[in-house]
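K.L.:
start.cif is reproduced in full below (mmCIF, C-alpha atoms).
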data_structure
loop_
_atom_site.label_atom_id
_atom_site.label_comp_id
_atom_site.auth_asym_id
_atom_site.auth_seq_id
_atom_site.Cartn_x
_atom_site.Cartn_y
_atom_site.Cartn_z
CA MET A 902 -221.99 -88.81 164.54
CA ALA A 903 -218.69 -88.38 166.32
CA SER A 904 -217.31 -91.48 164.63
CA LEU A 905 -218.30 -90.07 161.24
CA TRP A 906 -216.35 -86.86 161.96
CA ILE A 907 -213.32 -88.92 163.01
CA ILE A 908 -213.45 -90.82 159.74
CA LEU A 909 -213.72 -87.61 157.71
CA VAL A 910 -210.80 -85.98 159.58
CA ASN A 911 -208.63 -89.05 159.02
CA LEU A 912 -209.44 -89.03 155.30
CA VAL A 913 -208.50 -85.36 155.04
CA LEU A 914 -205.23 -85.95 156.87
CA PHE A 915 -204.51 -88.93 154.62
CA PHE A 916 -204.94 -86.95 151.41
CA VAL A 917 -202.97 -83.99 152.76
CA GLY A 918 -200.18 -86.34 153.68
CA CYS A 919 -200.19 -87.88 150.21
CA TYR A 920 -199.92 -84.52 148.49
CA ALA A 921 -197.32 -83.24 150.95
CA ARG A 922 -195.17 -86.37 150.81
CA ARG A 923 -192.03 -85.98 148.72
CA SER A 924 -191.93 -88.12 145.60
CA TYR A 925 -188.71 -90.13 145.38
CA LEU A 926 -187.36 -91.42 142.09
CA PHE A 927 -185.23 -94.50 141.83
CA PRO A 928 -181.56 -93.49 141.56
CA SER A 929 -180.92 -95.89 138.66
CA VAL A 930 -183.47 -94.15 136.44
CA ASP A 931 -182.86 -90.99 134.44
CA HIS A 932 -185.00 -88.45 136.34
CA LYS A 933 -185.69 -86.39 133.24
CA SER A 934 -186.60 -89.12 130.82
CA LEU A 935 -187.61 -91.82 133.32
CA LYS A 936 -186.05 -94.30 130.89
CA GLN A 937 -184.33 -97.48 131.94
CA PRO A 938 -180.59 -96.98 131.32
CA LEU A 939 -178.38 -98.96 128.99
CA GLN A 940 -176.87 -102.02 130.63
CA THR A 941 -173.07 -102.02 130.58
CA SER A 942 -172.32 -105.04 132.78
CA ARG A 943 -172.38 -107.78 130.14
CA PRO A 944 -171.65 -108.11 126.39
CA TYR A 945 -173.76 -105.86 124.19
CA ASN A 946 -176.71 -107.32 122.30
CA LEU A 947 -176.27 -105.71 118.88
CA ALA A 948 -179.36 -106.16 116.70
CA HIS A 949 -177.84 -106.65 113.25
CA ARG A 950 -180.01 -104.64 110.84
CA GLY A 951 -182.70 -105.00 113.50
CA SER A 952 -184.26 -108.40 114.23
CA ASN A 953 -183.85 -109.26 110.59
CA GLY A 954 -184.11 -112.97 111.27
CA GLU A 955 -187.82 -112.30 111.69
CA LEU A 956 -188.63 -109.22 109.59
CA PRO A 957 -187.08 -107.59 106.51
CA GLU A 958 -183.76 -106.00 107.40
CA GLU A 959 -183.29 -102.32 108.22
CA THR A 960 -187.02 -101.62 108.42
CA THR A 961 -189.08 -99.99 111.13
CA GLY A 962 -190.59 -103.38 111.90
CA ALA A 963 -187.22 -105.06 112.34
CA TYR A 964 -185.95 -102.31 114.64
CA LEU A 965 -189.09 -102.19 116.77
CA ARG A 966 -188.99 -105.96 117.14
CA ALA A 967 -185.34 -105.80 118.22
CA ILE A 968 -186.15 -103.20 120.85
CA GLU A 969 -189.10 -105.27 122.07
CA GLU A 970 -186.83 -108.31 122.34
CA GLY A 971 -184.21 -106.56 124.47
CA ALA A 972 -181.47 -105.38 122.11
CA ASP A 973 -178.99 -102.94 123.63
CA PHE A 974 -178.20 -101.39 120.25
CA ILE A 975 -179.93 -101.42 116.89
CA GLU A 976 -177.45 -101.56 114.03
CA THR A 977 -177.77 -100.11 110.54
CA ASP A 978 -175.87 -99.41 107.33
CA ILE A 979 -176.02 -95.88 105.95
CA LEU A 980 -175.96 -95.21 102.22
CA SER A 981 -177.16 -92.28 100.12
CA THR A 982 -179.70 -91.54 97.43
CA LYS A 983 -178.92 -89.64 94.25
CA ASP A 984 -180.08 -86.40 95.88
CA GLY A 985 -178.03 -86.88 99.04
CA VAL A 986 -180.62 -88.27 101.45
CA LEU A 987 -179.02 -90.73 103.88
CA ILE A 988 -180.92 -94.02 104.02
CA CYS A 989 -180.73 -97.31 105.91
CA HIS A 990 -179.77 -99.99 103.42
CA HIS A 991 -177.04 -102.62 103.43
CA ASP A 992 -176.39 -103.26 99.75
CA LEU A 993 -175.35 -100.64 97.23
CA ILE A 994 -177.98 -102.19 94.99
CA LEU A 995 -181.68 -102.53 95.71
CA ASP A 996 -182.19 -105.87 94.00
CA GLU A 997 -181.95 -108.31 96.91
CA THR A 998 -184.02 -106.64 99.61
CA SER A 999 -186.63 -104.53 97.81
CA ASP A 1000 -189.41 -105.03 95.26
CA ILE A 1001 -187.76 -102.80 92.65
CA ALA A 1002 -188.00 -105.57 90.02
CA GLU A 1003 -191.78 -105.18 90.17
CA HIS A 1004 -191.62 -101.48 89.27
CA ARG A 1005 -191.55 -101.41 85.49
CA VAL A 1006 -191.06 -97.64 85.51
CA PHE A 1007 -187.50 -98.30 86.76
CA GLU A 1008 -186.62 -101.24 84.51
CA ARG A 1009 -184.10 -99.22 82.46
CA ARG A 1010 -182.28 -97.87 85.50
CA LYS A 1011 -180.05 -100.90 86.00
CA ARG A 1012 -176.35 -100.00 85.85
CA THR A 1013 -172.92 -101.62 86.19
CA TYR A 1014 -170.33 -99.99 88.43
CA GLN A 1015 -166.97 -101.08 89.72
CA VAL A 1016 -166.97 -101.49 93.48
CA GLN A 1017 -163.67 -102.30 95.14
CA GLY A 1018 -162.31 -103.72 91.91
CA VAL A 1019 -165.38 -105.84 91.12
CA ASN A 1020 -168.05 -105.07 88.52
CA ILE A 1021 -171.52 -105.11 90.07
CA THR A 1022 -174.74 -104.82 88.08
CA GLY A 1023 -178.04 -103.80 89.59
CA PHE A 1024 -180.28 -100.96 90.68
CA PHE A 1025 -177.98 -98.71 92.71
CA THR A 1026 -179.31 -96.44 95.46
CA VAL A 1027 -177.20 -93.58 94.10
CA ASP A 1028 -179.19 -93.60 90.85
CA PHE A 1029 -182.54 -92.94 92.57
CA THR A 1030 -183.94 -89.92 94.36
CA TRP A 1031 -185.45 -90.26 97.80
CA LYS A 1032 -188.89 -89.61 96.32
CA GLU A 1033 -188.42 -92.55 93.98
CA LEU A 1034 -187.19 -94.88 96.71
CA GLN A 1035 -190.25 -94.09 98.79
CA THR A 1036 -192.32 -96.04 96.25
CA LEU A 1037 -190.41 -99.26 97.01
CA ARG A 1038 -191.10 -101.83 99.71
CA SER A 1039 -188.65 -104.08 101.52
CA LYS A 1040 -188.48 -107.85 101.46
CA GLN A 1041 -186.72 -110.61 103.35
CA ARG A 1042 -183.22 -111.37 102.06
CA PHE A 1043 -183.27 -115.12 102.69
CA SER A 1044 -185.91 -117.40 101.18
CA PHE A 1045 -185.83 -119.71 104.22
CA ARG A 1046 -186.96 -116.92 106.54
CA ASP A 1047 -190.52 -115.68 107.12
CA GLN A 1048 -191.85 -113.99 103.98
CA GLN A 1049 -195.16 -112.73 105.40
CA TYR A 1050 -193.80 -109.22 105.98
CA ASP A 1051 -192.53 -108.72 102.43
CA GLY A 1052 -193.95 -105.58 100.88
CA LYS A 1053 -195.17 -104.12 104.17
CA PHE A 1054 -192.30 -101.81 105.10
CA PRO A 1055 -190.71 -98.93 103.15
CA ILE A 1056 -187.04 -98.01 103.07
CA ILE A 1057 -186.31 -95.58 105.90
CA THR A 1058 -183.93 -92.66 106.31
CA PHE A 1059 -181.09 -92.28 108.79
CA GLU A 1060 -183.24 -89.81 110.70
CA ASP A 1061 -186.19 -92.24 110.78
CA TYR A 1062 -183.90 -94.85 112.31
CA ILE A 1063 -182.61 -92.42 114.93
CA SER A 1064 -186.18 -91.48 115.81
CA ILE A 1065 -187.04 -95.14 116.45
CA ALA A 1066 -184.24 -95.41 119.02
CA LEU A 1067 -185.00 -92.09 120.70
CA LYS A 1068 -188.71 -92.89 121.04
CA ALA A 1069 -188.08 -96.23 122.74
CA ALA A 1070 -189.40 -96.62 126.29
CA ARG A 1071 -185.87 -97.36 127.52
CA VAL A 1072 -182.43 -96.16 126.45
CA VAL A 1073 -181.57 -97.95 123.20
CA GLY A 1074 -178.26 -97.31 121.48
CA ILE A 1075 -177.65 -96.89 117.76
CA TYR A 1076 -174.82 -98.43 115.79
CA PRO A 1077 -174.71 -96.87 112.29
CA GLU A 1078 -172.12 -97.77 109.66
CA ILE A 1079 -170.49 -95.39 107.23
CA LYS A 1080 -171.08 -97.79 104.33
CA ASN A 1081 -168.98 -97.83 101.16
CA PRO A 1082 -167.76 -94.23 101.59
CA VAL A 1083 -165.36 -94.36 98.63
CA PHE A 1084 -168.16 -95.31 96.25
CA ILE A 1085 -170.71 -92.91 97.76
CA ASN A 1086 -168.34 -89.93 97.66
CA LYS A 1087 -167.60 -90.68 94.02
CA HIS A 1088 -171.23 -90.76 92.92
CA VAL A 1089 -173.02 -88.31 95.25
CA LYS A 1090 -172.16 -84.65 95.75
CA TRP A 1091 -173.36 -82.43 98.58
CA PRO A 1092 -173.41 -78.61 98.76
CA ASN A 1093 -170.43 -76.64 100.05
CA GLY A 1094 -167.99 -79.44 99.28
CA LYS A 1095 -169.24 -81.66 102.07
CA LYS A 1096 -168.45 -85.36 102.00
CA PHE A 1097 -170.57 -88.36 102.92
CA GLU A 1098 -168.82 -88.54 106.29
CA ASP A 1099 -169.60 -84.87 107.02
CA VAL A 1100 -173.32 -85.31 106.38
CA PHE A 1101 -173.31 -88.51 108.43
CA VAL A 1102 -171.81 -86.76 111.47
CA ASP A 1103 -174.01 -83.69 111.00
CA THR A 1104 -177.06 -85.94 111.28
CA LEU A 1105 -175.84 -87.44 114.55
CA LYS A 1106 -175.09 -84.00 115.97
CA LYS A 1107 -178.50 -82.70 114.92
CA HIS A 1108 -180.11 -85.33 117.13
CA GLY A 1109 -177.85 -84.82 120.13
CA TYR A 1110 -175.44 -87.72 119.81
CA LYS A 1111 -172.12 -86.90 121.43
CA GLY A 1112 -169.71 -87.96 124.13
CA LEU A 1113 -166.84 -90.28 124.83
CA TYR A 1114 -167.57 -93.93 125.55
CA LEU A 1115 -169.42 -94.34 128.90
CA SER A 1116 -169.57 -90.57 129.48
CA LYS A 1117 -172.79 -89.07 130.82
CA ASP A 1118 -173.69 -87.72 127.39
CA TRP A 1119 -172.98 -91.06 125.72
CA LEU A 1120 -175.01 -93.06 128.24
CA LYS A 1121 -177.96 -90.76 127.63
CA GLN A 1122 -177.87 -91.44 123.88
CA PRO A 1123 -175.45 -94.32 123.23
CA CYS A 1124 -173.89 -94.62 119.79
CA PHE A 1125 -171.04 -96.52 118.16
CA VAL A 1126 -169.95 -95.38 114.70
CA GLN A 1127 -168.60 -98.21 112.56
CA SER A 1128 -166.90 -98.53 109.21
CA PHE A 1129 -164.73 -100.86 107.16
CA ALA A 1130 -162.90 -97.74 105.92
CA PRO A 1131 -160.29 -96.68 108.50
CA SER A 1132 -159.67 -93.32 106.83
CA SER A 1133 -163.35 -92.40 107.34
CA LEU A 1134 -163.08 -93.08 111.06
CA VAL A 1135 -159.88 -91.06 111.31
CA TYR A 1136 -161.48 -88.23 109.28
CA ILE A 1137 -164.51 -87.88 111.57
CA SER A 1138 -162.42 -88.03 114.75
CA ASN A 1139 -162.02 -84.25 114.54
CA GLN A 1140 -165.79 -83.81 114.22
CA THR A 1141 -167.18 -86.09 116.92
CA ASP A 1142 -165.92 -87.77 120.07
CA LEU A 1143 -168.40 -90.62 119.76
CA PRO A 1144 -166.75 -94.07 120.07
CA LYS A 1145 -165.82 -95.69 116.80
CA ILE A 1146 -165.43 -99.32 115.73
CA LEU A 1147 -163.16 -100.47 112.90
CA LEU A 1148 -164.87 -103.28 111.01
CA ILE A 1149 -162.55 -105.95 109.71
CA GLY A 1150 -163.31 -108.17 106.73
CA ASP A 1151 -162.14 -111.66 105.94
CA PRO A 1152 -158.39 -112.42 105.80
CA GLY A 1153 -158.36 -112.45 102.00
CA GLY A 1154 -159.69 -108.92 101.57
CA ARG A 1155 -158.31 -105.39 101.61
CA THR A 1156 -159.63 -102.13 102.99
CA GLU A 1157 -161.65 -100.18 100.42
CA ASP A 1158 -159.92 -96.87 101.07
CA THR A 1159 -156.33 -97.58 102.12
CA ASN A 1160 -155.90 -100.91 100.29
CA GLN A 1161 -154.42 -102.54 103.38
CA THR A 1162 -154.48 -106.27 103.94
CA TYR A 1163 -156.24 -107.99 106.80
CA TRP A 1164 -152.86 -108.86 108.29
CA GLU A 1165 -151.74 -105.24 108.22
CA ILE A 1166 -154.80 -103.86 110.02
CA THR A 1167 -154.75 -106.61 112.66
CA SER A 1168 -151.08 -106.22 113.52
CA ASP A 1169 -149.95 -104.87 116.89
CA LYS A 1170 -148.29 -101.98 115.08
CA TYR A 1171 -151.58 -100.98 113.49
CA PHE A 1172 -153.52 -101.46 116.73
CA ASN A 1173 -151.10 -99.04 118.38
CA TYR A 1174 -152.00 -96.50 115.72
CA ILE A 1175 -155.74 -97.00 115.32
CA LYS A 1176 -156.52 -97.19 119.05
CA GLU A 1177 -156.10 -93.40 119.11
CA TYR A 1178 -159.23 -93.20 116.94
CA VAL A 1179 -161.36 -96.23 117.78
CA VAL A 1180 -162.50 -98.07 120.90
CA GLY A 1181 -162.82 -101.45 119.27
CA ILE A 1182 -162.88 -103.73 116.25
CA GLY A 1183 -165.67 -105.63 114.53
CA PRO A 1184 -164.23 -108.71 112.83
CA SER A 1185 -166.05 -111.64 111.28
CA LYS A 1186 -166.39 -114.69 113.54
CA ASP A 1187 -164.37 -116.87 111.19
CA ALA A 1188 -161.48 -114.40 111.31
CA LEU A 1189 -161.29 -114.92 115.08
CA VAL A 1190 -161.78 -118.68 115.04
CA PRO A 1191 -160.98 -120.30 111.67
CA VAL A 1192 -163.29 -122.99 110.32
CA ALA A 1193 -162.57 -126.09 108.24
CA ASN A 1194 -165.30 -128.44 106.99
CA ASN A 1195 -167.75 -126.62 109.25
CA TYR A 1196 -165.72 -127.42 112.37
CA LEU A 1197 -163.93 -124.84 114.49
CA GLU A 1198 -160.15 -124.79 114.46
CA VAL A 1199 -157.77 -123.31 117.02
CA PRO A 1200 -158.76 -119.73 117.90
CA THR A 1201 -156.42 -116.94 116.82
CA ASP A 1202 -154.91 -114.54 119.31
CA LEU A 1203 -156.78 -111.57 117.82
CA VAL A 1204 -159.19 -111.10 120.73
CA ALA A 1205 -156.39 -111.28 123.30
CA ARG A 1206 -154.24 -108.83 121.36
CA ALA A 1207 -157.12 -106.42 120.82
CA HIS A 1208 -157.91 -106.49 124.54
CA ALA A 1209 -154.24 -105.90 125.31
CA HIS A 1210 -154.57 -102.67 123.32
CA ASN A 1211 -157.74 -101.80 125.26
CA LEU A 1212 -159.91 -102.43 122.20
CA GLN A 1213 -163.32 -104.04 122.42
CA VAL A 1214 -164.23 -106.90 120.08
CA HIS A 1215 -167.71 -107.06 118.47
CA PRO A 1216 -167.80 -109.99 116.00
CA TYR A 1217 -170.41 -110.60 113.30
CA THR A 1218 -172.82 -112.28 112.50
CA PHE A 1219 -174.77 -114.63 114.80
CA ARG A 1220 -177.69 -116.44 113.18
CA ASN A 1221 -179.93 -119.16 114.58
CA GLU A 1222 -180.41 -121.26 111.46
CA ASN A 1223 -178.56 -124.55 111.19
CA GLN A 1224 -176.72 -123.59 108.01
CA PHE A 1225 -174.98 -120.84 109.97
CA LEU A 1226 -174.10 -122.95 113.02
CA HIS A 1227 -170.87 -124.92 112.97
CA PHE A 1228 -171.08 -128.60 113.88
CA ASP A 1229 -169.35 -127.92 117.21
CA PHE A 1230 -172.50 -126.15 118.40
CA HIS A 1231 -174.82 -129.13 117.77
CA GLN A 1232 -177.39 -126.93 116.01
CA ASP A 1233 -177.88 -124.96 119.23
CA PRO A 1234 -177.34 -121.16 119.05
CA TYR A 1235 -177.11 -120.96 122.85
CA ILE A 1236 -174.06 -123.21 122.81
CA GLU A 1237 -172.56 -120.84 120.25
CA TYR A 1238 -173.30 -117.80 122.43
CA ASP A 1239 -171.73 -119.55 125.41
CA PHE A 1240 -168.60 -120.31 123.41
CA TRP A 1241 -168.10 -116.75 122.17
CA ILE A 1242 -168.96 -115.00 125.41
CA ASN A 1243 -167.44 -117.27 128.02
CA LYS A 1244 -164.56 -118.90 126.15
CA ILE A 1245 -163.50 -116.35 123.56
CA GLY A 1246 -164.49 -113.35 125.68
CA VAL A 1247 -166.03 -110.94 123.17
CA ASP A 1248 -167.58 -107.65 124.27
CA GLY A 1249 -170.60 -107.48 121.97
CA LEU A 1250 -172.31 -109.67 119.38
CA PHE A 1251 -174.00 -108.73 116.11
CA THR A 1252 -177.02 -111.00 115.87
CA ASP A 1253 -179.96 -111.41 113.51
CA PHE A 1254 -181.99 -112.75 116.44
CA ALA A 1255 -181.85 -110.21 119.27
CA GLY A 1256 -184.47 -112.10 121.26
CA SER A 1257 -182.42 -115.28 121.39
CA LEU A 1258 -179.30 -113.48 122.57
CA HIS A 1259 -181.29 -111.52 125.15
CA ASN A 1260 -182.80 -114.72 126.56
CA PHE A 1261 -179.38 -116.37 126.76
CA LEU A 1262 -177.87 -113.38 128.55
CA GLN A 1263 -180.77 -113.18 130.98
CA TRP A 1264 -180.46 -116.85 131.84
CA THR A 1265 -176.69 -116.85 132.24
CA SER A 1266 -175.94 -113.36 133.52
CA PRO A 1267 -179.21 -111.76 134.61
CA LEU A 1268 -179.25 -108.06 135.27
CA SER A 1269 -180.07 -106.69 138.71
CA SER A 1270 -183.73 -106.64 139.65
CA SER A 1271 -183.45 -102.89 140.22
CA PRO A 1272 -185.77 -100.61 138.21
CA GLY A 1273 -182.97 -99.86 135.78
CA ALA A 1274 -182.60 -103.48 134.78
CA ARG A 1275 -184.62 -105.35 132.23
#
Would it be possible to restate this file's structure as structure tokens?

P.N.:
Amino acid sequence: MASLWIILVNLVLFFVGCYARRSYLFPSVDHKSLKQPLQTSRPYNLAHRGSNGELPEETTGAYLRAIEEGADFIETDILSTKDGVLICHHDLILDETSDIAEHRVFERRKRTYQVQGVNITGFFTVDFTWKELQTLRSKQRFSFRDQQYDGKFPIITFEDYISIALKAARVVGIYPEIKNPVFINKHVKWPNGKKFEDVFVDTLKKHGYKGLYLSKDWLKQPCFVQSFAPSSLVYISNQTDLPKILLIGDPGGRTEDTNQTYWEITSDKYFNYIKEYVVGIGPSKDALVPVANNYLEVPTDLVARAHAHNLQVHPYTFRNENQFLHFDFHQDPYIEYDFWINKIGVDGLFTDFAGSLHNFLQWTSPLSSSPGAR
């Protein structure tokens, strides 16, 4: 009987001790959200339109897959509907990545508009209301990629996309683009004289996105704002302190808003100017390392000069398929990643295959085994 009382007393003391013991949280985890933090020790894995190598681009499925596969940021392009709803869609027209051709009710809505000096014909997002676009379904852009998800995902709004990132089990950054602002501002009007850029920033503010690069606020909800239009990035600099990235097209093109050449916006003089407004540049891969007959040529000095101006470099776009891999990489995307990260020294990579880049980074520069790592 005495032994039974001893056992009971010990059990009581055990449970009292458990309830009285202070609960310690790991220092690397956000105590409020208990979310794993964003890694900042290696190049950023930027899921280009989500994991669109596997699922239709800019859809909930593509973004959830990218998060599952370890992307640091999910990237999107923001356009507008006729009635001013901001949506996630890359092309100004709906033809390539939606089933609009199957909707006979819209067959007379095809238009021709001039975009950056070129006439484009198709079903433009600015000619449809959000209610109308909700009847469409997305499809894979490339015929050589998996078609089984065609027709299963609707077009989503900017706010839907933000919600996907905020609901993730770990901290996942967003990387939205102010897409074709000259065209959008010409064809869509908002109340009180607001511009596309104003509504874009208002949406970010509504959901708590703020803070300078690597600040406490930014690390809580990371965001890069990108655009090919430098005047848009300068314009919003008075509205948000979020870090901005100037996208840079191919050497033969010009900026859509300021009509500047590639050579002008990649000069040291221009870098001295634009670095007051942006934290980095997003050039095409071939602009950094020219290609001839599918072989790499001598790299330019653009990365070194950008770094000298304290600008990050996030090139686009990394794709696993052989037709996108130069012969130097022997049809191996990991050799390509190694080249760009360890030889060229870029700070982030836009990839259609977030899982592949995550695996490469984990194998070559694994994160700490602390609770905040993944």

K.L.:
From the list A:Phe1129, A:Tyr945, A:Phe1059, A:Phe1228, which residue is nearest Ser1185 (chain A) when using only C-alpha atoms?

P.N.:
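Once distances to Ser1185 (chain A) are computed over only C-alpha atoms, the minimum belongs to A:Phe1129.
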
K.L.:
Would you mind telling me which residue in A:Trp1091, A:Tyr1014, A:Phe1125, A:Trp1119 lies nearest to Leu947 (chain A) when using all atoms listed in the file?

P.N.:
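Comparing A:Trp1091, A:Tyr1014, A:Phe1125, A:Trp1119 against Leu947 (chain A), the winner is A:Phe1125.
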
K.L.:
Output the residue selection produced by the PyMOL selection byres ((chain A and resi 1208-1210) around 10) on the file above, formatted as a PyMOL selection string.

P.N.:
chain A and resi 1169+1172-1173+1175-1176+1180-1181+1203-1207+1211-1214+1246-1248

K.L.:
Grab the residues selected above and save them as a PDB file, keeping the file's coordinate frame with C-alpha atoms.

P.N.:
ATOM      1  CA  ASP A1169    -149.950-104.870 116.890  1.00  0.00           C
ATOM      2  CA  PHE A1172    -153.520-101.460 116.730  1.00  0.00           C
ATOM      3  CA  ASN A1173    -151.100 -99.040 118.380  1.00  0.00           C
ATOM      4  CA  ILE A1175    -155.740 -97.000 115.320  1.00  0.00           C
ATOM      5  CA  LYS A1176    -156.520 -97.190 119.050  1.00  0.00           C
ATOM      6  CA  VAL A1180    -162.500 -98.070 120.900  1.00  0.00           C
ATOM      7  CA  GLY A1181    -162.820-101.450 119.270  1.00  0.00           C
ATOM      8  CA  LEU A1203    -156.780-111.570 117.820  1.00  0.00           C
ATOM      9  CA  VAL A1204    -159.190-111.100 120.730  1.00  0.00           C
ATOM     10  CA  ALA A1205    -156.390-111.280 123.300  1.00  0.00           C
ATOM     11  CA  ARG A1206    -154.240-108.830 121.360  1.00  0.00           C
ATOM     12  CA  ALA A1207    -157.120-106.420 120.820  1.00  0.00           C
ATOM     13  CA  ASN A1211    -157.740-101.800 125.260  1.00  0.00           C
ATOM     14  CA  LEU A1212    -159.910-102.430 122.200  1.00  0.00           C
ATOM     15  CA  GLN A1213    -163.320-104.040 122.420  1.00  0.00           C
ATOM     16  CA  VAL A1214    -164.230-106.900 120.080  1.00  0.00           C
ATOM     17  CA  GLY A1246    -164.490-113.350 125.680  1.00  0.00           C
ATOM     18  CA  VAL A1247    -166.030-110.940 123.170  1.00  0.00           C
ATOM     19  CA  ASP A1248    -167.580-107.650 124.270  1.00  0.00           C
TER      20      ASP A1248
END

K.L.:
Report the residues retrieved by the PyMOL selection byres ((chain A and resi 1103-1107) around 10) from the displayed file, expressed as a ChimeraX atom specification.

P.N.:
/A:987,1059-1060,1063,1077,1097-1102,1108-1111,1124,1126,1140-1141,1143

K.L.:
List, as number ranges by chain, every residue that the PyMOL selection byres ((chain A and resi 1237) around 12) selects in the file provided.

P.N.:
A: 1186, 1197, 1218-1223, 1225-1236, 1238-1245, 1250, 1252, 1257-1258, 1261

K.L.:
Determine the nearest neighbour of Ile979 (chain A) from the options A:Pro1082, A:Pro944, A:Pro1184, A:Pro1152, counting only C-alpha atoms.

P.N.:
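Smallest distance to Ile979 (chain A) is found for A:Pro1082.
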
K.L.:
Which residue is closest to His949 (chain A)? Choose from A:Ser1266, A:Gln1127, A:Gln937, A:Thr977 and count only C-alpha atoms.

P.N.:
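Comparing A:Ser1266, A:Gln1127, A:Gln937, A:Thr977 against His949 (chain A), the winner is A:Thr977.
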
K.L.:
Taking only C-alpha atoms into account, which of A:Pro1123, A:Ile1182, A:Gly954, A:Gln1224 comes nearest Val1073 (chain A)?

P.N.:
A:Pro1123

K.L.:
Quick check, in Å to one decimal: how far apart do CA of Gly951 (chain A) and CA of Tyr964 (chain A) lie?

P.N.:
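Separating CA of Gly951 (chain A) from CA of Tyr964 (chain A) is a distance of 4.4 Å.
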
K.L.:
Once you count only C-alpha atoms, which residues end up no further than 10 Å from (-162.6, -90.2, 107.1) in the file's frame, shown as a tab-separated table (two decimals) with C-alpha atoms, in the coordinates of the input?

P.N.:
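The resulting file, selection.tsv, is reproduced below:
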chain	number	residue	atom	x	y	z
A	1079	ILE	CA	-170.49	-95.39	107.23
A	1082	PRO	CA	-167.76	-94.23	101.59
A	1083	VAL	CA	-165.36	-94.36	98.63
A	1096	LYS	CA	-168.45	-85.36	102.00
A	1097	PHE	CA	-170.57	-88.36	102.92
A	1098	GLU	CA	-168.82	-88.54	106.29
A	1099	ASP	CA	-169.60	-84.87	107.02
A	1128	SER	CA	-166.90	-98.53	109.21
A	1130	ALA	CA	-162.90	-97.74	105.92
A	1131	PRO	CA	-160.29	-96.68	108.50
A	1132	SER	CA	-159.67	-93.32	106.83
A	1133	SER	CA	-163.35	-92.40	107.34
A	1134	LEU	CA	-163.08	-93.08	111.06
A	1135	VAL	CA	-159.88	-91.06	111.31
A	1136	TYR	CA	-161.48	-88.23	109.28
A	1137	ILE	CA	-164.51	-87.88	111.57
A	1138	SER	CA	-162.42	-88.03	114.75
A	1139	ASN	CA	-162.02	-84.25	114.54
A	1158	ASP	CA	-159.92	-96.87	101.07

K.L.:
Show me, as a ChimeraX atom specification, the residues that have an atom within 10 Å of Lys1121 (chain A) when counting only C-alpha atoms, minus same-chain residues fewer than 6 positions from it.

P.N.:
/A:931,934,936,938-939,1067,1072-1074,1109-1112,1115

K.L.:
Between CA of Pro1055 (chain A) and CA of Thr1026 (chain A), what is the spacing in Å?

P.N.:
14.0 Å

K.L.:
Have a look at CA of Lys1011 (chain A) and CA of Gly1150 (chain A) and let me know their distance in Å, one decimal.

P.N.:
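Going from CA of Lys1011 (chain A) over to CA of Gly1150 (chain A), I get 27.6 Å.
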
K.L.:
Write out as a list in words each polymer residue whose atoms come within 8 Å of His1259 (chain A), counting only C-alpha atoms; drop sequence neighbours fewer than 6 positions from it.

P.N.:
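In the requested format, the answer is Asn946, Glu970, Gly971 and Ala972 of chain A.
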
K.L.:
Of the residues A:Gly985, A:Gly1052, A:Pro1200, A:Pro1267, which is the one nearest to Arg1038 (chain A), using all atoms listed in the file?

P.N.:
A:Gly1052

K.L.:
Step by step, gather every atom of region 1177-1189 of chain A that the file lists, find the box along x, y and z that holds them, add 6 Å on each side, and finally give centre and edge lengths in Å to one decimal, as AutoDock Vina command-line options.

P.N.:
--center_x -161.2 --center_y -105.0 --center_z 116.0 --size_x 22.3 --size_y 35.7 --size_z 21.7

K.L.:
Quick one: everything within 9 Å of region 1000-1007 of chain A, counting only C-alpha atoms, minus sequence neighbours fewer than 2 positions away in the same chain. Send it as JSON, numbers by chain.

P.N.:
{"A": [995, 996, 997, 998, 1009, 1010, 1011, 1024, 1034, 1036, 1037, 1038, 1039, 1040, 1051, 1052]}

K.L.:
List as a list in words the protein and nucleic acid residues near Thr1030 (chain A), meaning an atom at most 7 Å away when all atoms listed in the file are counted, but skip any in the same chain fewer than 6 places from it.

P.N.:
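Close residues of Thr1030 (chain A): Thr982, Lys983 and Asp984 of chain A.
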
K.L.:
Would you output region 1175-1193 of chain A from that structure, restricted to C-alpha atoms, as a compact mmCIF listing (two decimals), in the first residue's frame?

P.N.:
# COMPACT_ATOMS: atom_id res chain seq x y z
CA ILE A 1175 18.80 54.16 -59.93
CA LYS A 1176 20.48 52.67 -56.85
CA GLU A 1177 18.73 55.39 -54.84
CA TYR A 1178 15.44 53.67 -55.72
CA VAL A 1179 16.21 49.97 -56.19
CA VAL A 1180 18.22 47.29 -54.40
CA GLY A 1181 18.95 45.24 -57.48
CA ILE A 1182 18.47 44.39 -61.13
CA GLY A 1183 16.78 41.47 -62.88
CA PRO A 1184 18.41 40.93 -66.27
CA SER A 1185 18.00 38.04 -68.68
CA LYS A 1186 20.69 35.36 -68.44
CA ASP A 1187 21.84 35.95 -71.99
CA ALA A 1188 22.39 39.63 -71.25
CA LEU A 1189 24.88 38.65 -68.56
CA VAL A 1190 26.59 35.89 -70.51
CA PRO A 1191 26.10 36.16 -74.29
CA VAL A 1192 25.35 33.02 -76.29
CA ALA A 1193 26.33 32.01 -79.82
